[in-house]
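Before any comments, here is the structure.
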Amino acid sequence: MAEENVEIIEDDPIEVRKAKREALIAAGVDPYGHSIKRSHTVGELNEKYAHLEDGESTEDEVLIAGRIMAKRVQGKIAFLELRESGCDIQLFCRINALGEEAFAALCDLDVGDWIAVSGTMMRTKRGQLSVAVDSFELMSKSLRPLPEKFHGLTDKETRYRQRYVDLVMNPEVRTTFERRFKIVSAIRRYMEDAGFYEVETPFLHAIIGGANAKPFITHFNALDRDYYLRIATELPLKRLLVGGFEKVFEIGRQFRNEGMDPYHNPEFTTMEAYAAFSDLDGMMDLTEGCIKAAAEAACGGLQIEYQGTPVDLSGTWRRASMMELASEHAGEEVSFERTRDELVAILEKNGGHAEAAWGKGKLISEIFEAVAEEKLIQPTFVIDHPLEISPLAKKDPENPELTQRFELFILGHEYANAFTELNDPVDQAERFRAQVAAKDMGDDEAMGYDADYIRALEYGMPPAGGVGIGIDRLVMLLADAPSIRDVLLFPHMKDEAPVAGKGAAAAAAVQVPAASVAPAASETVTAAAPIDFSNVVIEPLFEDEVDFDTFSKSDFRAVKVKECVAVPKSKKLLQFTLDDGTGTDRVILSGIHAYYEPEQLVGRTLIAITNLPPRKMMGINSCGMIISAVHEVPGDDGEPEERLNLLMVDDAIPAGAKLY
């Protein structure tokens with residue numbers, strides 16, 4: 001009967017390990033261990049005994065613990081690789097030292113098990129520093145095998161989702177997060193040395209404030225009202241300036257209910273700081289010093305490289321106005337002296353699009369983003385932001401259309417944002433009212449009117465400077481990480497696709513959105529529910545608009561999505577990096593962010609027109625057009641609403657395949 005059980009489970013490694021667990025329990029052995037007092041860490045042993053000569057043994061007894069990463073049994077000798085805190089050491093195990101029963105139990109251990117061992121230090125004749133094991137004890141039985149050693153855990157989606165395995169299998173990942181710890185610690189030390197107090201402010205806010213962003217909403221049961229997860233720590237911290245704490249900072253999480261791409265995650269970490277009697281220049285000095293301290297701690301110097309591009313963090317960083325930089329890169333004057341129509345023309349000439357409600361200040365900001373932002377590779381403080389886009393910053397006394405604000409750009413991305421803080425309650429109240437008006441007109445990122453903050457300012461807030469630094473982006477820069485997910489231990493992910501069996505039944509009960517991603521050819525697909533097309537509105541055929549010869553020149557190709565990201569500063573555009581079969585990546589921008597999140601599309605096979613001339617959008621050349629199917633259905637208010645589905649095809653179709 002026992003043999004039959006073995007035959008049933010022998011091809012299932014998890015069931016085999018579960019059977020071992022049950023056997024241990026039946027024998028009175030606890031497979032999940034107890035506390036121990038280790039004599040050394042593995043790293044300490046590697047350092048302390050580095051001097052041992054080949055073949056040299058000692059009588060030095062040690063007690064260590066870690067995870068088995070490899071096992072090799074050769075007759076009456078076994079070699080195990082033990083990993084602890086990112087450091088490895090060999091265990092040299094002999095039947096003569098352990099005894100037959102213990103040696104057999106050791107050989108029955110699995111890769112992934114945690115064990116504690118005692119023994120003496122030695123170096124083998126082949127030069128491997130080892131612990132000659134006298135005894136061992138199982139600390140935790142691993143029921144699930146680790147990924148195969150030589151291929152490891154390579155799929156990025158799986159690595160992000162199962163970070164606990166990623167840390168085990170990919171040592172460089174541990175190094176990234178060790179750098180993150182050093183960066184945060186260095187920032188904290190720098191701020192404390194500069195006389196700042198670290199404080200904590202609420203996560204739940206009754207009113208959106210401190211930034212323009214779409215919030216997450218939750219319900220506060222005890223108060224029976226909705227609250228918002230904070231989008232910034234600014235307003236509570238400035239209340240503390242009113243209360244007499246002259247230098248305060250907070251390193252904490254913010255939450256913005258917006259898209260995800262390599263530089264954005266809905267949950268992220270910032271350091272915000274406020275100093276009474278400081279100003280924009282003081283905040284630039286603070287920001288520069290803080291980032292330099294983090295770089296020294298994480299990289300050992302100020303000359304770094306990010307994804308192949310050298311970055312020099314030394315010296316005094318450039319300071320230039322937004323209009324100066326916009327004019328420099330647009331090749332013509334960009335200023336409030338130009339008419340609104342002239343600014344619109346400059347923006348549209350450089351691939352942007354102007355909204356009717358935008359004033360000159362917003363247009364200048366959009367032109368800067370279109371022509372200059374991505375070209376700011378070395379650290380640059382962009383100062384003198386228009387009042388229209390800076391509702392919390394103090395006006396420039398020499399030009400009331402501008403504010404005393406900066407953003408720090410490195411490699412074309414923002415790393416810090418700072419103001420000479422507005423402390424006039426009357427001016428602040430007027431700006432809050434303007435934000436409320438914008439919200440009433442449909443801007444769901446506008447702030448609310450915070451009457452309590454106005455009351456605080458009315459008691460008197462000293463002149464002050466304030467700054468916010470994005471910790472995650474800074475870690476990306478200093479750890480040379482291409483995506484924000486690489487520096488978050490637990491990044492947010494879309495739900496795992498259900499596998500056939502238990503998950504499939506549950507998935508069948510879930511209504512799939514119109515823009516859901518087509519399953520891969522290898523996935524098990526449950527039968528889709530019938531779709532009611534009776535209310536669908538289809539545009540008439542425009543058969544007389546284009547002659548056949550013209551249309552036949554359109555080159556429709558299958559393309560594989562290698563990467564898809566949201567275009568910064570655009571709510572609509574997604575940027576696709578595509579394999580079109582030519583061996584050269586093709587970039588296409590498509591205004592479909594309302595229907596798809598970028599991570600839904602990576603790895604999919606789409607259809608695109610590939611022989612259109614490049615078209616500049618948001619300063620990026622878009623080389624082609626992604627094909628989608630569009631129709632309309634009546635909305636809740638009876639008005640037509642657009643529905644869009646990308647045209648996706650079987651993944652078996654190779655990149656570059658031509659459609660006829």
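We name chains A, B, ... following the order of the structure tokens; residues begin at 1 in each chain, and ligands are numbered from 1 as shown.
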### Query
If you run DSSP on this backbone, which residues of range 161-234 of chain A come out as alpha helix (DSSP H), and could you give them as a PyMOL selection string?
chain A and resi 161+163-169+171-193+234
### Contacts of Gly603 in chain A at 8 Å (only C-alpha atoms; same-chain gap of 2+ positions) as a list in words
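Listed by chain and then number, they are Lys560, Val561, Lys562, Glu563, Leu601 and Thr605 of chain A.
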Go ahead and save the picked residues with C-alpha atoms, as a PDB file, in the first residue's frame.
ATOM      1  CA  LYS A 560       4.819  42.076 -30.576  1.00  0.00           C
ATOM      2  CA  VAL A 561       4.583  44.470 -27.613  1.00  0.00           C
ATOM      3  CA  LYS A 562       8.023  44.479 -25.959  1.00  0.00           C
ATOM      4  CA  GLU A 563       7.252  47.392 -23.645  1.00  0.00           C
ATOM      5  CA  LEU A 601      -0.495  44.779 -23.191  1.00  0.00           C
ATOM      6  CA  THR A 605       0.509  40.456 -30.521  1.00  0.00           C
TER       7      THR A 605
END
### Task
Go through A:Ser185, A:Ser321, A:Thr420, A:Thr269 one by one, measure the shortest atom-to-atom distance of each to Ala294 in chain A using only C-alpha atoms, and give the residue with the smallest value.
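Comparing A:Ser185, A:Ser321, A:Thr420, A:Thr269 against Ala294 in chain A, the winner is A:Ser185.
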### Message
Using only C-alpha atoms for the distances, tell me which of A:Met139, A:Ile484, A:Leu612, A:Ile208 is nearest to His34 in chain A.
### Response
A:Met139
Range 603-636 of chain A near range 654-659 of chain A within 12 Å: what's each residue's closest atom pair and its distance in Å to one decimal, counting only C-alpha atoms, ordered by chain then ascending residue number, as CSV?
residue,atom,partner,partner_atom,distance
A:Gly603,CA,A:Ala655,CA,11.3
A:Arg604,CA,A:Ala655,CA,10.6
A:Thr605,CA,A:Ala655,CA,7.8
A:Leu606,CA,A:Ala655,CA,9.2
A:Ile607,CA,A:Leu659,CA,8.6
A:Ala608,CA,A:Leu659,CA,9.7
A:Ile609,CA,A:Leu659,CA,9.8
A:Thr610,CA,A:Gly656,CA,9.5
A:Asn611,CA,A:Lys658,CA,11.9
Go ahead and write the selection's residues with C-alpha atoms as a CSV table (one decimal), in the first residue's frame.
chain,number,residue,atom,x,y,z
A,603,GLY,CA,3.8,40.5,-24.6
A,604,ARG,CA,0.6,40.7,-26.7
A,605,THR,CA,0.5,40.5,-30.5
A,606,LEU,CA,-1.2,43.4,-32.1
A,607,ILE,CA,-1.8,44.7,-35.6
A,608,ALA,CA,-0.3,48.0,-36.8
A,609,ILE,CA,0.2,50.0,-39.9
A,610,THR,CA,4.0,50.3,-40.3
A,611,ASN,CA,4.6,52.5,-43.3
### Interatomic distance, CA of Lys375 in chain A to CA of Gly412 in chain A (Å, one decimal)
5.8 Å
### Task
Tell me, in Å to one decimal, how far CA of Ile454 in chain A is from CA of Gln428 in chain A.
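Atom-to-atom, CA of Ile454 in chain A to CA of Gln428 in chain A, that is 7.2 Å.
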### Task
Have a look at CA of Glu288 in chain A and CA of Ala393 in chain A and let me know their distance in Å, one decimal.
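CA of Glu288 in chain A sits 20.1 Å away from CA of Ala393 in chain A.
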### Query
For Ile471 in chain A, which residue out of A:Phe533, A:Tyr459, A:Phe181, A:Tyr227 is the nearest one, using only C-alpha atoms?
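Residue with the minimum atom-to-atom distance to Ile471 in chain A: A:Phe181.
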### Task
Find the spatial neighbours of Ser590 in chain A, counting only C-alpha atoms, within a cut-off of 9 Å - ignore same-chain residues fewer than 6 positions away - and output them as number ranges by chain.
A: 572-576, 622, 625-626
Take the selection from the previous step and output its residues with N, CA and C atoms, as an mmCIF file, in the first residue's frame.
data_model
loop_
_atom_site.group_PDB
_atom_site.id
_atom_site.type_symbol
_atom_site.label_atom_id
_atom_site.label_comp_id
_atom_site.auth_asym_id
_atom_site.auth_seq_id
_atom_site.Cartn_x
_atom_site.Cartn_y
_atom_site.Cartn_z
ATOM 1 N N LYS A 572 -3.833 60.388 -21.821
ATOM 2 C CA LYS A 572 -4.412 59.573 -22.884
ATOM 3 C C LYS A 572 -3.421 58.627 -23.543
ATOM 4 N N LEU A 573 -2.160 59.059 -23.672
ATOM 5 C CA LEU A 573 -1.233 58.354 -24.554
ATOM 6 C C LEU A 573 -0.506 57.197 -23.869
ATOM 7 N N LEU A 574 -0.395 56.085 -24.584
ATOM 8 C CA LEU A 574 0.495 54.986 -24.231
ATOM 9 C C LEU A 574 1.596 54.919 -25.280
ATOM 10 N N GLN A 575 2.811 54.647 -24.830
ATOM 11 C CA GLN A 575 3.947 54.512 -25.738
ATOM 12 C C GLN A 575 4.322 53.045 -25.846
ATOM 13 N N PHE A 576 4.229 52.499 -27.064
ATOM 14 C CA PHE A 576 4.543 51.100 -27.331
ATOM 15 C C PHE A 576 5.950 50.989 -27.926
ATOM 16 N N SER A 622 6.156 59.086 -33.362
ATOM 17 C CA SER A 622 5.317 57.892 -33.421
ATOM 18 C C SER A 622 5.345 57.371 -34.844
ATOM 19 N N MET A 625 0.649 53.204 -36.677
ATOM 20 C CA MET A 625 -0.651 53.298 -36.008
ATOM 21 C C MET A 625 -1.089 51.911 -35.543
ATOM 22 N N ILE A 626 -1.431 51.816 -34.254
ATOM 23 C CA ILE A 626 -2.002 50.582 -33.714
ATOM 24 C C ILE A 626 -3.466 50.511 -34.130
#
### Message
Neighbouring residues of Pro266 in chain A were defined as those with any atom within 12 Å, considering only C-alpha atoms; residues of the same chain fewer than 6 positions away were excluded. Please report them as a list in words.
### Response
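My reading of the contact set: Ala213, Lys214, Pro215, Phe216, Leu229, Arg230, Ile231, Arg253, Gln254, Phe255, Arg256, Asn257, Glu258, Gly259, Met260, Asp472, Ile484, Arg485, Leu488, Pro491, His492 and Met493 of chain A.
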Generate a file of the selected residues that holds N, CA and C atoms, formatted as a compact mmCIF listing (two decimals), in the first residue's frame.
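Just written: result13.txt:
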# COMPACT_ATOMS: atom_id res chain seq x y z
N ALA A 213 -3.86 65.54 -7.80
CA ALA A 213 -3.82 64.11 -8.11
C ALA A 213 -5.16 63.49 -7.79
N LYS A 214 -5.45 62.38 -8.45
CA LYS A 214 -6.69 61.64 -8.19
C LYS A 214 -6.47 60.72 -6.99
N PRO A 215 -7.34 60.81 -5.97
CA PRO A 215 -7.08 60.07 -4.73
C PRO A 215 -7.75 58.69 -4.70
N PHE A 216 -7.27 57.88 -3.77
CA PHE A 216 -8.00 56.67 -3.37
C PHE A 216 -9.01 57.07 -2.29
N LEU A 229 -7.06 58.57 1.06
CA LEU A 229 -5.67 58.27 1.38
C LEU A 229 -4.83 59.44 0.88
N ARG A 230 -3.87 59.86 1.68
CA ARG A 230 -3.18 61.12 1.40
C ARG A 230 -2.45 61.06 0.05
N ILE A 231 -2.47 62.19 -0.63
CA ILE A 231 -1.71 62.34 -1.88
C ILE A 231 -0.44 63.14 -1.64
N ARG A 253 4.64 57.17 2.88
CA ARG A 253 3.93 56.71 1.69
C ARG A 253 2.86 57.71 1.28
N GLN A 254 2.73 57.88 -0.04
CA GLN A 254 1.64 58.66 -0.64
C GLN A 254 0.86 57.72 -1.56
N PHE A 255 -0.38 58.10 -1.84
CA PHE A 255 -1.27 57.24 -2.63
C PHE A 255 -1.98 58.08 -3.68
N ARG A 256 -1.78 57.74 -4.94
CA ARG A 256 -2.45 58.47 -6.03
C ARG A 256 -3.06 57.45 -6.98
N ASN A 257 -4.35 57.59 -7.19
CA ASN A 257 -5.12 56.59 -7.94
C ASN A 257 -4.97 56.83 -9.43
N GLU A 258 -3.75 56.63 -9.89
CA GLU A 258 -3.42 56.94 -11.28
C GLU A 258 -2.72 55.75 -11.92
N GLY A 259 -2.19 55.92 -13.12
CA GLY A 259 -1.64 54.80 -13.86
C GLY A 259 -0.31 54.29 -13.33
N MET A 260 0.12 53.17 -13.90
CA MET A 260 1.40 52.57 -13.55
C MET A 260 2.27 52.52 -14.80
N ASP A 472 11.52 56.73 -4.41
CA ASP A 472 11.58 55.59 -5.32
C ASP A 472 12.39 55.92 -6.57
N ILE A 484 10.44 51.38 -11.72
CA ILE A 484 10.13 51.64 -10.31
C ILE A 484 9.79 50.33 -9.59
N ARG A 485 9.28 49.34 -10.33
CA ARG A 485 8.95 48.06 -9.71
C ARG A 485 10.20 47.34 -9.21
N LEU A 488 10.74 48.56 -5.56
CA LEU A 488 9.67 48.36 -4.59
C LEU A 488 9.64 46.89 -4.21
N PRO A 491 5.61 45.66 -5.40
CA PRO A 491 4.89 46.55 -6.33
C PRO A 491 3.48 46.03 -6.59
N HIS A 492 2.59 46.94 -6.94
CA HIS A 492 1.22 46.54 -7.26
C HIS A 492 1.20 45.85 -8.61
N MET A 493 0.41 44.78 -8.69
CA MET A 493 0.32 43.98 -9.90
C MET A 493 -1.14 43.72 -10.24
### Task
Write out as a ChimeraX atom specification which residues come within 7 Å of Glu632 in chain A when counting only C-alpha atoms, dropping same-chain ones fewer than 5 positions away.
/A:536-538,640-643
Residues just named, written with C-alpha atoms as a compact mmCIF listing (two decimals), in the first residue's frame:
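Saved to again09.txt:
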# COMPACT_ATOMS: atom_id res chain seq x y z
CA VAL A 536 -24.31 48.92 -30.38
CA VAL A 537 -23.88 51.83 -32.79
CA ILE A 538 -21.54 51.29 -35.75
CA PRO A 640 -23.36 57.67 -26.71
CA GLU A 641 -20.19 56.33 -25.09
CA GLU A 642 -17.23 55.02 -27.07
CA ARG A 643 -15.94 51.48 -26.58
### Query
as a ChimeraX atom specification, which residues of range 308-341 of chain A does DSSP assign to strand (DSSP E or B)?
/A:309-312,318-321
Take the residues from that selection and put them in a file with C-alpha atoms, as a PDB file, in the first residue's frame.
ATOM      1  CA  THR A 309      24.293  57.306 -19.385  1.00  0.00           C
ATOM      2  CA  PRO A 310      26.911  59.015 -17.152  1.00  0.00           C
ATOM      3  CA  VAL A 311      25.498  61.418 -14.552  1.00  0.00           C
ATOM      4  CA  ASP A 312      27.685  63.867 -12.632  1.00  0.00           C
ATOM      5  CA  ARG A 318      22.492  74.231 -12.931  1.00  0.00           C
ATOM      6  CA  ARG A 319      19.597  76.598 -12.099  1.00  0.00           C
ATOM      7  CA  ALA A 320      17.489  77.867 -15.033  1.00  0.00           C
ATOM      8  CA  SER A 321      13.973  79.260 -15.469  1.00  0.00           C
TER       9      SER A 321
END
Find the spatial neighbours of Thr270 in chain A, counting only C-alpha atoms, within a cut-off of 7 Å - ignore same-chain residues fewer than 4 positions away - and output them as a short mmCIF file (atom, residue, chain, number, x, y, z; two decimals) with N, CA, C and O atoms, in the first residue's frame.
data_model
loop_
_atom_site.label_atom_id
_atom_site.label_comp_id
_atom_site.auth_asym_id
_atom_site.auth_seq_id
_atom_site.Cartn_x
_atom_site.Cartn_y
_atom_site.Cartn_z
N ILE A 251 9.35 61.04 6.02
CA ILE A 251 9.56 60.04 4.97
C ILE A 251 8.36 59.11 5.04
O ILE A 251 8.17 58.42 6.04
N GLY A 252 7.52 59.12 4.02
CA GLY A 252 6.29 58.34 4.13
C GLY A 252 5.66 58.02 2.79
O GLY A 252 6.06 58.53 1.74
N ARG A 253 4.64 57.17 2.88
CA ARG A 253 3.93 56.71 1.69
C ARG A 253 2.86 57.71 1.28
O ARG A 253 2.18 58.28 2.11
N GLY A 468 9.73 68.40 -1.67
CA GLY A 468 9.39 66.98 -1.70
C GLY A 468 10.32 66.25 -2.64
O GLY A 468 10.54 66.70 -3.79
N ILE A 469 10.91 65.16 -2.19
CA ILE A 469 11.84 64.35 -3.00
C ILE A 469 11.25 62.96 -3.17
O ILE A 469 10.84 62.32 -2.20
N GLY A 470 11.20 62.49 -4.42
CA GLY A 470 10.69 61.15 -4.69
C GLY A 470 11.75 60.10 -4.36
O GLY A 470 12.76 59.98 -5.06
N ILE A 471 11.50 59.34 -3.31
CA ILE A 471 12.49 58.35 -2.86
C ILE A 471 12.64 57.21 -3.86
O ILE A 471 13.75 56.76 -4.17
#
### Message
Just checking: using only C-alpha atoms, which residue out of A:Leu474, A:Met441, A:Leu376, A:Val487 ends up closest to Tyr160 in chain A?
### Response
A:Val487
#### Entry: Using only C-alpha atoms: which of A:Val131, A:Ala629, A:Cys93, A:Leu237 has the shortest distance to Glu59 in chain A
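Once distances to Glu59 in chain A are computed over only C-alpha atoms, the minimum belongs to A:Val131.
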### Query
If we count only C-alpha atoms, what is near Ala105 in chain A at a cut-off of 10 Å, once residues fewer than 5 positions away on the same chain are taken out, given as a VMD selection string?
chain A and resid 98 100 136 to 138
### Message
With distances taken over only C-alpha atoms, which residue among A:Ala102, A:Thr158, A:Ile68, A:Glu56 lies nearest Thr120 in chain A?
### Response
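Closest to Thr120 in chain A, using only C-alpha atoms: A:Glu56.
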